[in-house]
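Below is the file target_8.cif, which contains mmCIF, C-alpha atoms.
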data_coords
#
loop_
_atom_site.label_atom_id
_atom_site.label_comp_id
_atom_site.auth_asym_id
_atom_site.auth_seq_id
_atom_site.Cartn_x
_atom_site.Cartn_y
_atom_site.Cartn_z
CA MET I 240 146.20 -137.69 124.17
CA LYS I 241 146.28 -134.79 126.63
CA LYS I 242 148.81 -132.14 125.87
CA ARG I 243 150.30 -132.14 129.33
CA SER I 244 150.94 -135.87 129.47
CA LEU I 245 152.50 -135.65 126.01
CA TRP I 246 154.88 -132.97 127.27
CA PHE I 247 155.60 -134.98 130.37
CA SER I 248 156.58 -138.08 128.39
CA PHE I 249 158.65 -135.92 126.05
CA VAL I 250 160.59 -134.44 128.95
CA VAL I 251 161.12 -137.89 130.49
CA LEU I 252 162.37 -139.23 127.16
CA LEU I 253 164.68 -136.25 126.76
CA GLY I 254 165.99 -136.70 130.30
CA LEU I 255 166.68 -140.40 129.77
CA THR I 256 168.32 -139.73 126.43
CA SER I 257 170.70 -137.13 127.80
CA TYR I 258 171.45 -139.30 130.81
CA PHE I 259 172.47 -142.18 128.58
CA TRP I 260 174.23 -139.75 126.31
CA THR I 261 176.77 -138.74 128.92
CA ASN I 262 178.08 -142.30 129.18
CA SER I 263 180.92 -144.19 127.55
CA TYR I 264 182.33 -144.56 124.03
CA ARG I 265 182.83 -147.94 122.42
CA PRO I 266 182.73 -149.32 118.86
CA ALA I 267 179.26 -150.47 117.88
CA TYR I 268 177.91 -153.55 116.21
CA ALA I 269 174.71 -152.35 114.83
CA MET I 270 171.60 -152.72 112.80
CA HIS I 271 171.57 -151.66 109.16
CA ILE I 272 174.64 -149.53 108.52
CA MET I 273 176.77 -149.01 111.58
CA GLU I 274 177.82 -145.66 113.00
CA GLY I 275 180.84 -144.28 111.17
CA PHE I 276 180.79 -147.00 108.55
CA LEU I 277 179.78 -144.72 105.69
CA PRO I 278 182.34 -142.30 104.28
CA LEU I 279 181.37 -138.68 105.01
CA GLY I 280 180.34 -137.92 101.43
CA TRP I 281 177.89 -140.77 101.27
CA ALA I 282 176.52 -140.04 104.72
CA ILE I 283 175.69 -136.47 103.66
CA PHE I 284 174.33 -137.66 100.30
CA TRP I 285 171.78 -140.04 101.88
CA TRP I 286 170.77 -137.47 104.48
CA GLY I 287 170.11 -135.03 101.64
CA ILE I 288 167.85 -137.48 99.81
CA THR I 289 165.95 -138.53 102.93
CA ILE I 290 165.14 -135.11 104.40
CA PRO I 291 162.62 -134.06 101.67
CA PHE I 292 160.62 -137.27 102.19
CA VAL I 293 160.47 -136.66 105.94
CA ALA I 294 159.43 -133.04 105.38
CA VAL I 295 156.63 -134.04 103.00
CA GLY I 296 155.62 -136.73 105.49
CA ILE I 297 155.36 -134.30 108.40
CA ARG I 298 153.08 -132.06 106.32
CA SER I 299 150.91 -134.97 105.22
CA ILE I 300 150.55 -136.23 108.80
CA ALA I 301 149.67 -132.75 110.06
CA LYS I 302 147.05 -132.37 107.33
CA LYS I 303 145.47 -135.78 107.96
CA LEU I 304 145.31 -135.22 111.72
CA LYS I 305 143.76 -131.78 111.26
CA GLU I 306 141.01 -133.23 109.10
CA ASN I 307 140.44 -136.29 111.27
CA PRO I 308 141.82 -135.96 114.82
CA GLU I 309 140.50 -139.45 115.58
CA LEU I 310 143.21 -140.86 113.33
CA LYS I 311 145.80 -140.25 116.07
CA SER I 312 145.22 -143.72 117.49
CA MET I 313 145.76 -145.30 114.05
CA LEU I 314 148.94 -143.30 113.58
CA GLY I 315 150.13 -144.39 117.02
CA LEU I 316 149.41 -147.98 116.11
CA SER I 317 151.36 -147.71 112.84
CA GLY I 318 154.35 -146.31 114.66
CA ALA I 319 154.05 -148.86 117.46
CA PHE I 320 153.96 -151.70 114.94
CA ALA I 321 157.24 -150.57 113.38
CA PHE I 322 158.62 -150.09 116.90
CA VAL I 323 157.76 -153.65 117.97
CA LEU I 324 158.84 -155.41 114.80
CA SER I 325 162.19 -153.66 114.61
CA ALA I 326 162.88 -154.80 118.18
CA LEU I 327 162.37 -158.47 117.31
CA LYS I 328 165.62 -160.07 116.34
CA ILE I 329 164.57 -163.29 114.72
CA PRO I 330 166.86 -166.23 113.89
CA SER I 331 167.04 -167.08 110.22
CA VAL I 332 168.03 -169.99 108.00
CA THR I 333 171.46 -168.52 107.36
CA GLY I 334 172.34 -168.96 111.02
CA SER I 335 172.30 -165.27 111.81
CA CYS I 336 169.69 -162.91 113.16
CA SER I 337 167.98 -159.92 111.69
CA HIS I 338 164.72 -158.13 112.25
CA PRO I 339 161.62 -157.08 110.30
CA THR I 340 160.99 -153.39 109.65
CA GLY I 341 157.25 -153.09 110.29
CA VAL I 342 156.82 -150.05 108.04
CA GLY I 343 154.47 -151.80 105.59
CA LEU I 344 151.35 -151.45 107.74
CA GLY I 345 151.69 -147.71 108.24
CA SER I 346 152.46 -147.05 104.56
CA ILE I 347 149.34 -148.91 103.49
CA LEU I 348 147.22 -146.98 106.01
CA PHE I 349 148.75 -143.50 105.82
CA GLY I 350 150.75 -143.45 102.61
CA PRO I 351 154.52 -143.78 102.18
CA THR I 352 155.77 -140.36 103.29
CA ALA I 353 153.93 -140.49 106.63
CA MET I 354 155.86 -143.66 107.34
CA SER I 355 159.13 -141.93 106.43
CA VAL I 356 158.60 -139.79 109.54
CA LEU I 357 157.67 -142.66 111.87
CA GLY I 358 160.41 -144.95 110.51
CA THR I 359 163.04 -142.25 110.99
CA ILE I 360 161.90 -141.75 114.59
CA VAL I 361 162.22 -145.50 115.25
CA LEU I 362 165.73 -145.49 113.75
CA LEU I 363 166.70 -142.40 115.75
CA PHE I 364 165.59 -144.14 118.94
CA GLN I 365 167.62 -147.22 118.11
CA SER I 366 170.72 -145.27 117.25
CA LEU I 367 170.63 -143.12 120.40
CA LEU I 368 169.54 -145.65 123.01
CA LEU I 369 170.73 -148.95 121.57
CA ALA I 370 173.75 -147.92 119.48
CA HIS I 371 172.13 -149.71 116.56
CA GLY I 372 172.60 -147.78 113.38
CA GLY I 373 173.96 -144.31 113.93
CA ILE I 374 173.52 -140.59 113.59
CA THR I 375 175.91 -140.23 110.67
CA THR I 376 174.35 -143.22 108.93
CA LEU I 377 170.79 -142.35 109.93
CA GLY I 378 170.18 -140.69 106.56
CA ALA I 379 171.17 -143.83 104.69
CA ASN I 380 169.31 -146.16 107.04
CA ALA I 381 166.21 -144.00 106.93
CA PHE I 382 166.39 -143.94 103.14
CA SER I 383 166.31 -147.74 102.93
CA MET I 384 163.86 -148.45 105.76
CA ALA I 385 161.69 -145.34 105.88
CA VAL I 386 161.70 -144.13 102.26
CA VAL I 387 162.19 -147.04 99.85
CA GLY I 388 160.49 -149.69 102.01
CA PRO I 389 157.25 -147.70 102.45
CA LEU I 390 157.23 -146.56 98.79
CA LEU I 391 157.54 -150.18 97.64
CA SER I 392 154.90 -151.40 100.09
CA TYR I 393 152.48 -148.67 99.10
CA GLY I 394 152.99 -149.23 95.36
CA ILE I 395 152.61 -152.99 95.64
CA TYR I 396 149.47 -152.69 97.76
CA LYS I 397 147.92 -150.25 95.27
CA CYS I 398 148.82 -152.49 92.32
CA GLY I 399 147.43 -155.54 94.07
CA ARG I 400 144.13 -153.83 94.81
CA LYS I 401 143.87 -152.51 91.23
CA MET I 402 144.32 -156.03 89.89
CA ASN I 403 141.57 -157.21 92.25
CA VAL I 404 143.89 -159.20 94.47
CA SER I 405 142.29 -159.62 97.92
CA VAL I 406 143.20 -157.16 100.69
CA ALA I 407 144.96 -159.86 102.71
CA VAL I 408 147.18 -161.01 99.84
CA SER I 409 147.97 -157.42 98.79
CA VAL I 410 148.93 -156.54 102.36
CA PHE I 411 151.08 -159.65 102.65
CA LEU I 412 152.97 -158.99 99.42
CA ALA I 413 153.35 -155.29 100.19
CA ALA I 414 154.83 -155.85 103.66
CA MET I 415 157.04 -158.74 102.56
CA LEU I 416 158.52 -157.11 99.46
CA GLY I 417 158.89 -153.77 101.24
CA ASP I 418 160.98 -155.52 103.87
CA LEU I 419 163.16 -157.27 101.28
CA GLY I 420 163.51 -154.02 99.34
CA THR I 421 164.84 -152.28 102.45
CA TYR I 422 167.70 -154.74 102.84
CA LEU I 423 168.50 -154.75 99.12
CA VAL I 424 168.84 -150.96 99.26
CA THR I 425 171.14 -151.31 102.28
CA SER I 426 173.30 -153.67 100.20
CA VAL I 427 173.36 -151.16 97.34
CA GLN I 428 174.36 -148.37 99.74
CA LEU I 429 177.19 -150.42 101.20
CA ALA I 430 178.36 -151.56 97.77
CA LEU I 431 178.40 -147.96 96.49
CA ALA I 432 180.50 -146.86 99.46
CA PHE I 433 182.74 -149.96 99.39
CA PRO I 434 183.19 -151.23 95.83
CA ALA I 435 185.45 -154.29 95.70
CA GLU I 436 188.91 -153.87 94.19
CA ILE I 437 188.17 -156.72 91.81
CA GLY I 438 184.68 -156.64 90.38
CA GLY I 439 183.81 -153.20 91.77
CA PHE I 440 180.25 -152.34 92.70
CA VAL I 441 178.69 -155.58 91.44
CA ALA I 442 181.01 -157.86 93.37
CA SER I 443 180.46 -155.87 96.56
CA PHE I 444 176.72 -155.80 96.04
CA VAL I 445 176.58 -159.59 95.67
CA LYS I 446 178.60 -159.91 98.85
CA PHE I 447 176.42 -157.61 100.96
CA ALA I 448 173.17 -158.80 99.41
CA SER I 449 174.02 -162.41 100.20
CA ILE I 450 174.46 -161.43 103.85
CA PHE I 451 171.29 -159.37 104.16
CA ALA I 452 168.86 -160.60 101.54
CA PHE I 453 169.09 -164.35 102.22
CA THR I 454 168.82 -163.86 105.97
CA GLN I 455 165.88 -161.63 105.32
CA VAL I 456 163.69 -163.86 103.11
CA PRO I 457 162.04 -165.89 105.91
CA LEU I 458 161.84 -162.78 108.11
CA ALA I 459 160.13 -160.88 105.31
CA ILE I 460 157.55 -163.67 105.14
CA SER I 461 157.06 -163.37 108.92
CA GLU I 462 156.63 -159.63 108.59
CA GLY I 463 154.05 -160.12 105.83
CA LEU I 464 152.06 -162.57 107.97
CA LEU I 465 152.18 -160.36 111.09
CA THR I 466 151.03 -157.35 109.08
CA VAL I 467 148.09 -159.36 107.71
CA ILE I 468 147.13 -160.41 111.27
CA VAL I 469 147.03 -156.80 112.50
CA MET I 470 145.18 -155.70 109.37
CA ASN I 471 142.57 -158.45 109.94
CA LEU I 472 142.04 -157.24 113.50
CA LEU I 473 141.74 -153.64 112.37
CA GLN I 474 139.17 -154.55 109.73
CA LYS I 475 137.20 -156.43 112.32
CA TYR I 476 137.18 -153.88 115.13
CA ASN I 477 138.46 -150.54 113.88
CA MET I 478 136.52 -149.94 110.66
CA THR I 479 135.44 -146.53 112.02
CA GLU I 480 139.02 -145.27 111.78
CA LEU I 481 139.92 -147.15 108.61
CA ASN I 482 136.99 -145.52 106.81
CA GLN I 483 138.52 -142.11 107.43
CA LEU I 484 141.69 -143.03 105.59
CA PRO I 485 141.60 -142.22 101.89
CA THR I 486 144.00 -145.09 101.17
CA MET I 487 141.64 -147.61 102.73
CA LYS I 488 138.37 -146.52 101.12
CA GLU I 489 138.40 -149.29 98.54
CA ALA I 490 139.08 -151.97 101.17
CA ARG I 491 135.49 -151.86 102.35
CA MET S 802 140.94 -168.79 113.67
CA ARG S 803 142.54 -167.54 110.48
CA ASN S 804 144.82 -165.26 112.46
CA GLY S 805 145.77 -168.19 114.67
CA VAL S 806 146.94 -170.19 111.66
CA LEU S 807 148.94 -167.24 110.35
CA PHE S 808 150.55 -166.77 113.75
CA LEU S 809 151.45 -170.45 113.87
CA PHE S 810 153.33 -170.01 110.59
CA VAL S 811 155.28 -167.08 112.05
CA ILE S 812 156.27 -169.20 115.05
CA LEU S 813 157.29 -172.08 112.79
CA LEU S 814 159.42 -169.77 110.65
CA THR S 815 161.20 -168.67 113.82
CA ILE S 816 161.72 -172.11 115.32
CA ILE S 817 162.76 -174.05 112.21
CA PRO S 818 166.18 -172.37 111.86
CA LEU S 819 166.87 -173.02 115.55
CA ILE S 820 166.15 -176.72 115.17
CA PHE S 821 167.66 -177.49 111.80
CA ILE S 822 170.79 -175.39 111.75
CA GLU S 823 173.23 -176.68 114.26
CA ASN S 824 176.35 -174.92 115.44
CA ALA S 825 175.17 -171.59 114.12
CA GLU S 826 176.05 -168.52 116.12
CA PHE S 827 172.90 -166.55 115.33
CA GLY S 828 174.79 -163.30 115.57
CA GLY S 829 173.50 -160.18 113.88
CA ALA S 830 173.52 -159.99 110.09
CA ASP S 831 174.81 -156.45 110.51
CA GLY S 832 177.91 -157.71 112.29
CA GLN S 833 178.58 -159.92 109.26
CA ALA S 834 178.23 -156.89 107.01
CA GLU S 835 180.83 -155.13 109.12
CA GLU S 836 183.19 -158.05 108.59
CA ALA S 837 182.50 -157.91 104.87
CA ILE S 838 183.42 -154.24 104.85
CA THR S 839 186.73 -154.94 106.52
CA GLU S 840 187.39 -157.58 103.85
CA VAL S 841 186.57 -155.27 100.94
CA ALA S 842 188.24 -152.20 102.42
CA PRO S 843 190.77 -153.35 105.03
CA ASP S 844 192.07 -149.81 105.54
CA TYR S 845 188.71 -148.27 106.36
CA GLU S 846 188.51 -146.68 109.77
CA PRO S 847 185.08 -145.80 111.15
CA TRP S 848 185.29 -142.03 111.55
CA PHE S 849 182.54 -141.62 114.09
CA HIS S 850 181.52 -143.66 117.10
CA ALA S 851 178.20 -144.21 118.75
CA ILE S 852 177.49 -141.45 121.24
CA TRP S 853 176.22 -143.90 123.81
CA GLU S 854 176.14 -147.64 123.95
CA PRO S 855 174.36 -150.00 126.31
CA PRO S 856 177.00 -151.01 128.89
CA SER S 857 176.15 -154.71 128.60
CA GLY S 858 174.17 -157.22 126.60
CA GLU S 859 171.69 -157.40 129.45
CA ILE S 860 170.98 -153.68 129.40
CA GLU S 861 170.69 -153.85 125.65
CA SER S 862 168.10 -156.59 125.80
CA LEU S 863 166.28 -154.64 128.52
CA LEU S 864 165.97 -151.67 126.19
CA PHE S 865 164.92 -153.91 123.32
CA SER S 866 162.21 -155.58 125.37
CA LEU S 867 161.04 -152.17 126.62
CA GLN S 868 160.76 -151.09 123.03
CA ALA S 869 158.71 -154.16 122.11
CA ALA S 870 156.56 -153.90 125.25
CA LEU S 871 155.70 -150.22 124.74
CA GLY S 872 154.74 -150.87 121.14
CA ALA S 873 152.66 -153.90 122.06
CA ILE S 874 150.76 -151.90 124.69
CA ILE S 875 149.78 -149.30 122.12
CA ILE S 876 148.71 -151.92 119.54
CA GLY S 877 146.69 -153.81 122.16
CA TYR S 878 145.12 -150.59 123.41
CA VAL S 879 143.96 -149.42 119.97
CA ILE S 880 142.54 -152.78 118.95
CA GLY S 881 141.00 -153.36 122.40
CA TYR S 882 139.43 -149.91 122.30
CA GLY S 883 137.92 -150.71 118.90
CA LYS S 884 136.66 -154.07 120.07
CA ALA S 885 134.93 -152.66 123.15
CA ARG S 886 133.48 -149.76 121.19
CA LYS S 887 132.05 -152.18 118.63
CA LYS S 888 130.58 -154.37 121.35
CA TYR S 889 128.84 -151.62 123.28
CA SER S 890 127.71 -149.50 120.38
CA SER S 891 125.95 -152.47 118.74
CA ALA S 892 124.45 -153.48 122.12
CA LYS S 893 122.81 -150.05 122.38
CA GLU S 894 121.19 -150.12 118.99
#
Take the structure I supplied and represent it as structure tokens, if you would.
Amino acid sequence: MKKRSLWFSFVVLLGLTSYFWTNSYRPAYAMHIMEGFLPLGWAIFWWGITIPFVAVGIRSIAKKLKENPELKSMLGLSGAFAFVLSALKIPSVTGSCSHPTGVGLGSILFGPTAMSVLGTIVLLFQSLLLAHGGITTLGANAFSMAVVGPLLSYGIYKCGRKMNVSVAVSVFLAAMLGDLGTYLVTSVQLALAFPAEIGGFVASFVKFASIFAFTQVPLAISEGLLTVIVMNLLQKYNMTELNQLPTMKEAR
Amino acid sequence: MRNGVLFLFVILLTIIPLIFIENAEFGGADGQAEEAITEVAPDYEPWFHAIWEPPSGEIESLLFSLQAALGAIIIGYVIGYGKARKKYSSAKE
């Protein structure tokens, strides 16, 4: 992408953000953990854990792009995939809606920490423009969706390939379990911050997990299938780029 | 062909809950979590509020569809670029 057009879109985005910023206050119903719904201590704690992953991710992205500038389009696609999937609120069997995370694809292509950066950007966008999630809870939300989810996806994909499971099945399992893992971590985070008076952490965890995890099972399957579809298309048409990714070498 | 079948499954997974679960609200799972928090800790007061919120559900869905559309453009562009490149580079050889 040309530098000038990049700057232009950045300025436009900044302008829009600050325009929206100056508007009203109201309580938010939001994705993942809602703004203000984590006690200060926990909010800081999760921020502290997430920041190193993002920092490592920024360095790894910079290094990969320096070696292979052509990978920019692949990186854009990984981010765009997470962007699209996290915008899809899909009805589920529990009678409520939730959305996939879309971080599995990018973690398989670029490694888990690169996706920590992109996932955090997606969450930041949603918290500023949509009031979904929040700035104070961004650390916690990024930890579940952009740190643990990608790590799980990446590990499962690697394991699958080592055990000679086909690329498609490995990708499916990686994306699906990464998605489920994200929501389980969210339940853990909420249960840690809000242990029940009777039954403590475990009772709270069961409560939150039964809200998130059960809703999420069919959506995780959807996410797995969608990730496989995009991966199939990439393998068909974009092998040039895939071959430049160290993580994808063995997929040939 | 194979992708078509996979996509069909995704659509089925989305439609089945709508058909078989009647009287469901299909609100956000996060809203339910908020309710659960107020049950577990009735005294908890959110200490920080969203800096900006979409003024209405319509604006919110506008922003959501913008988000999905922008992402879809990029995905389509990258895959379309690859497809055309493959077509014309093999035609030359």
I need the chain S residues near chain I as JSON, numbers by chain; criterion: at most 8 Å, counting all atoms listed in the file.
{"S": [804, 807, 808, 810, 811, 814, 815, 816, 817, 818, 819, 822, 825, 826, 827, 828, 829, 830, 831, 832, 833, 834, 835, 837, 838, 841, 842, 846, 847, 848, 849, 850, 851, 852, 853, 854, 855, 856, 861, 864, 865, 866, 868, 869, 870, 871, 872, 873, 875, 876, 879, 880, 883, 884, 887]}
Just the selected residues (C-alpha atoms), exported as a compact mmCIF listing (two decimals), in the frame of the given file, please.
# COMPACT_ATOMS: atom_id res chain seq x y z
CA ASN S 804 144.82 -165.26 112.46
CA LEU S 807 148.94 -167.24 110.35
CA PHE S 808 150.55 -166.77 113.75
CA PHE S 810 153.33 -170.01 110.59
CA VAL S 811 155.28 -167.08 112.05
CA LEU S 814 159.42 -169.77 110.65
CA THR S 815 161.20 -168.67 113.82
CA ILE S 816 161.72 -172.11 115.32
CA ILE S 817 162.76 -174.05 112.21
CA PRO S 818 166.18 -172.37 111.86
CA LEU S 819 166.87 -173.02 115.55
CA ILE S 822 170.79 -175.39 111.75
CA ALA S 825 175.17 -171.59 114.12
CA GLU S 826 176.05 -168.52 116.12
CA PHE S 827 172.90 -166.55 115.33
CA GLY S 828 174.79 -163.30 115.57
CA GLY S 829 173.50 -160.18 113.88
CA ALA S 830 173.52 -159.99 110.09
CA ASP S 831 174.81 -156.45 110.51
CA GLY S 832 177.91 -157.71 112.29
CA GLN S 833 178.58 -159.92 109.26
CA ALA S 834 178.23 -156.89 107.01
CA GLU S 835 180.83 -155.13 109.12
CA ALA S 837 182.50 -157.91 104.87
CA ILE S 838 183.42 -154.24 104.85
CA VAL S 841 186.57 -155.27 100.94
CA ALA S 842 188.24 -152.20 102.42
CA GLU S 846 188.51 -146.68 109.77
CA PRO S 847 185.08 -145.80 111.15
CA TRP S 848 185.29 -142.03 111.55
CA PHE S 849 182.54 -141.62 114.09
CA HIS S 850 181.52 -143.66 117.10
CA ALA S 851 178.20 -144.21 118.75
CA ILE S 852 177.49 -141.45 121.24
CA TRP S 853 176.22 -143.90 123.81
CA GLU S 854 176.14 -147.64 123.95
CA PRO S 855 174.36 -150.00 126.31
CA PRO S 856 177.00 -151.01 128.89
CA GLU S 861 170.69 -153.85 125.65
CA LEU S 864 165.97 -151.67 126.19
CA PHE S 865 164.92 -153.91 123.32
CA SER S 866 162.21 -155.58 125.37
CA GLN S 868 160.76 -151.09 123.03
CA ALA S 869 158.71 -154.16 122.11
CA ALA S 870 156.56 -153.90 125.25
CA LEU S 871 155.70 -150.22 124.74
CA GLY S 872 154.74 -150.87 121.14
CA ALA S 873 152.66 -153.90 122.06
CA ILE S 875 149.78 -149.30 122.12
CA ILE S 876 148.71 -151.92 119.54
CA VAL S 879 143.96 -149.42 119.97
CA ILE S 880 142.54 -152.78 118.95
CA GLY S 883 137.92 -150.71 118.90
CA LYS S 884 136.66 -154.07 120.07
CA LYS S 887 132.05 -152.18 118.63
inquiry  = Report, in Å with one decimal, the straight-line distance from atom CA of Met415 of chain I to atom CA of Ala459 of chain I.
reply    =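 About the pair atom CA of Met415 of chain I and atom CA of Ala459 of chain I: they are 4.7 Å apart.
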| said: One decimal, in Å: what's the spacing between atom CA of Val445 of chain I and atom CA of Gly358 of chain I? | reply: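 Computing the Euclidean distance for atom CA of Val445 of chain I and atom CA of Gly358 of chain I yields 26.4 Å.
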Gap from atom CA of Ile300 of chain I to atom CA of Ala353 of chain I - Å, one decimal
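Taking atom CA of Ile300 of chain I and atom CA of Ala353 of chain I, their separation equals 5.9 Å.
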Determine, counting all atoms listed in the file, which protein, DNA and RNA residues have an atom within 10 Å of an atom of segment 387-400 of chain I; residues of the same chain fewer than 4 positions away are not included. Present the result as a PyMOL selection string. chain I and resi 289+340-355+358+381-383+404-424+486+489-490
Since the input is missing atoms, can you rebuild N, CA, C and O atoms for segment 470-486 of chain I and write them as an mmCIF file, in the coordinates of the input?
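Result saved to result.cif:
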data_model
loop_
_atom_site.group_PDB
_atom_site.id
_atom_site.type_symbol
_atom_site.label_atom_id
_atom_site.label_comp_id
_atom_site.auth_asym_id
_atom_site.auth_seq_id
_atom_site.Cartn_x
_atom_site.Cartn_y
_atom_site.Cartn_z
ATOM 1 N N MET I 470 146.161 -156.274 110.300
ATOM 2 C CA MET I 470 145.180 -155.700 109.370
ATOM 3 C C MET I 470 143.819 -156.391 109.537
ATOM 4 O O MET I 470 142.774 -155.727 109.538
ATOM 5 N N ASN I 471 143.824 -157.715 109.700
ATOM 6 C CA ASN I 471 142.570 -158.450 109.940
ATOM 7 C C ASN I 471 141.862 -157.927 111.167
ATOM 8 O O ASN I 471 140.654 -157.693 111.157
ATOM 9 N N LEU I 472 142.627 -157.734 112.258
ATOM 10 C CA LEU I 472 142.040 -157.240 113.500
ATOM 11 C C LEU I 472 141.459 -155.844 113.319
ATOM 12 O O LEU I 472 140.364 -155.541 113.802
ATOM 13 N N LEU I 473 142.214 -155.013 112.591
ATOM 14 C CA LEU I 473 141.740 -153.640 112.370
ATOM 15 C C LEU I 473 140.441 -153.645 111.573
ATOM 16 O O LEU I 473 139.500 -152.914 111.868
ATOM 17 N N GLN I 474 140.385 -154.505 110.562
ATOM 18 C CA GLN I 474 139.170 -154.550 109.730
ATOM 19 C C GLN I 474 137.986 -155.077 110.523
ATOM 20 O O GLN I 474 136.842 -154.789 110.220
ATOM 21 N N LYS I 475 138.276 -155.874 111.530
ATOM 22 C CA LYS I 475 137.200 -156.430 112.320
ATOM 23 C C LYS I 475 136.682 -155.412 113.331
ATOM 24 O O LYS I 475 135.480 -155.269 113.520
ATOM 25 N N TYR I 476 137.594 -154.706 114.004
ATOM 26 C CA TYR I 476 137.180 -153.880 115.130
ATOM 27 C C TYR I 476 137.313 -152.384 114.893
ATOM 28 O O TYR I 476 136.712 -151.601 115.601
ATOM 29 N N ASN I 477 138.165 -151.966 113.987
ATOM 30 C CA ASN I 477 138.460 -150.540 113.880
ATOM 31 C C ASN I 477 138.049 -149.953 112.532
ATOM 32 O O ASN I 477 138.708 -149.061 112.014
ATOM 33 N N MET I 478 136.954 -150.444 111.965
ATOM 34 C CA MET I 478 136.520 -149.940 110.660
ATOM 35 C C MET I 478 136.214 -148.444 110.715
ATOM 36 O O MET I 478 136.399 -147.740 109.742
ATOM 37 N N THR I 479 135.749 -147.953 111.896
ATOM 38 C CA THR I 479 135.440 -146.530 112.020
ATOM 39 C C THR I 479 136.639 -145.680 111.596
ATOM 40 O O THR I 479 136.502 -144.731 110.828
ATOM 41 N N GLU I 480 137.821 -146.039 112.117
ATOM 42 C CA GLU I 480 139.020 -145.270 111.780
ATOM 43 C C GLU I 480 139.460 -145.537 110.350
ATOM 44 O O GLU I 480 139.831 -144.628 109.619
ATOM 45 N N LEU I 481 139.430 -146.810 109.947
ATOM 46 C CA LEU I 481 139.920 -147.150 108.610
ATOM 47 C C LEU I 481 139.127 -146.392 107.547
ATOM 48 O O LEU I 481 139.675 -145.977 106.531
ATOM 49 N N ASN I 482 137.813 -146.201 107.797
ATOM 50 C CA ASN I 482 136.990 -145.520 106.810
ATOM 51 C C ASN I 482 137.377 -144.063 106.612
ATOM 52 O O ASN I 482 137.006 -143.451 105.619
ATOM 53 N N GLN I 483 138.114 -143.503 107.579
ATOM 54 C CA GLN I 483 138.520 -142.110 107.430
ATOM 55 C C GLN I 483 139.814 -141.976 106.644
ATOM 56 O O GLN I 483 140.240 -140.870 106.344
ATOM 57 N N LEU I 484 140.429 -143.083 106.336
ATOM 58 C CA LEU I 484 141.690 -143.030 105.590
ATOM 59 C C LEU I 484 141.411 -143.154 104.102
ATOM 60 O O LEU I 484 140.813 -144.132 103.671
ATOM 61 N N PRO I 485 141.855 -142.156 103.327
ATOM 62 C CA PRO I 485 141.600 -142.220 101.890
ATOM 63 C C PRO I 485 142.193 -143.478 101.254
ATOM 64 O O PRO I 485 141.599 -144.046 100.330
ATOM 65 N N THR I 486 143.354 -143.928 101.774
ATOM 66 C CA THR I 486 144.000 -145.090 101.170
ATOM 67 C C THR I 486 143.207 -146.370 101.393
ATOM 68 O O THR I 486 143.421 -147.357 100.711
#
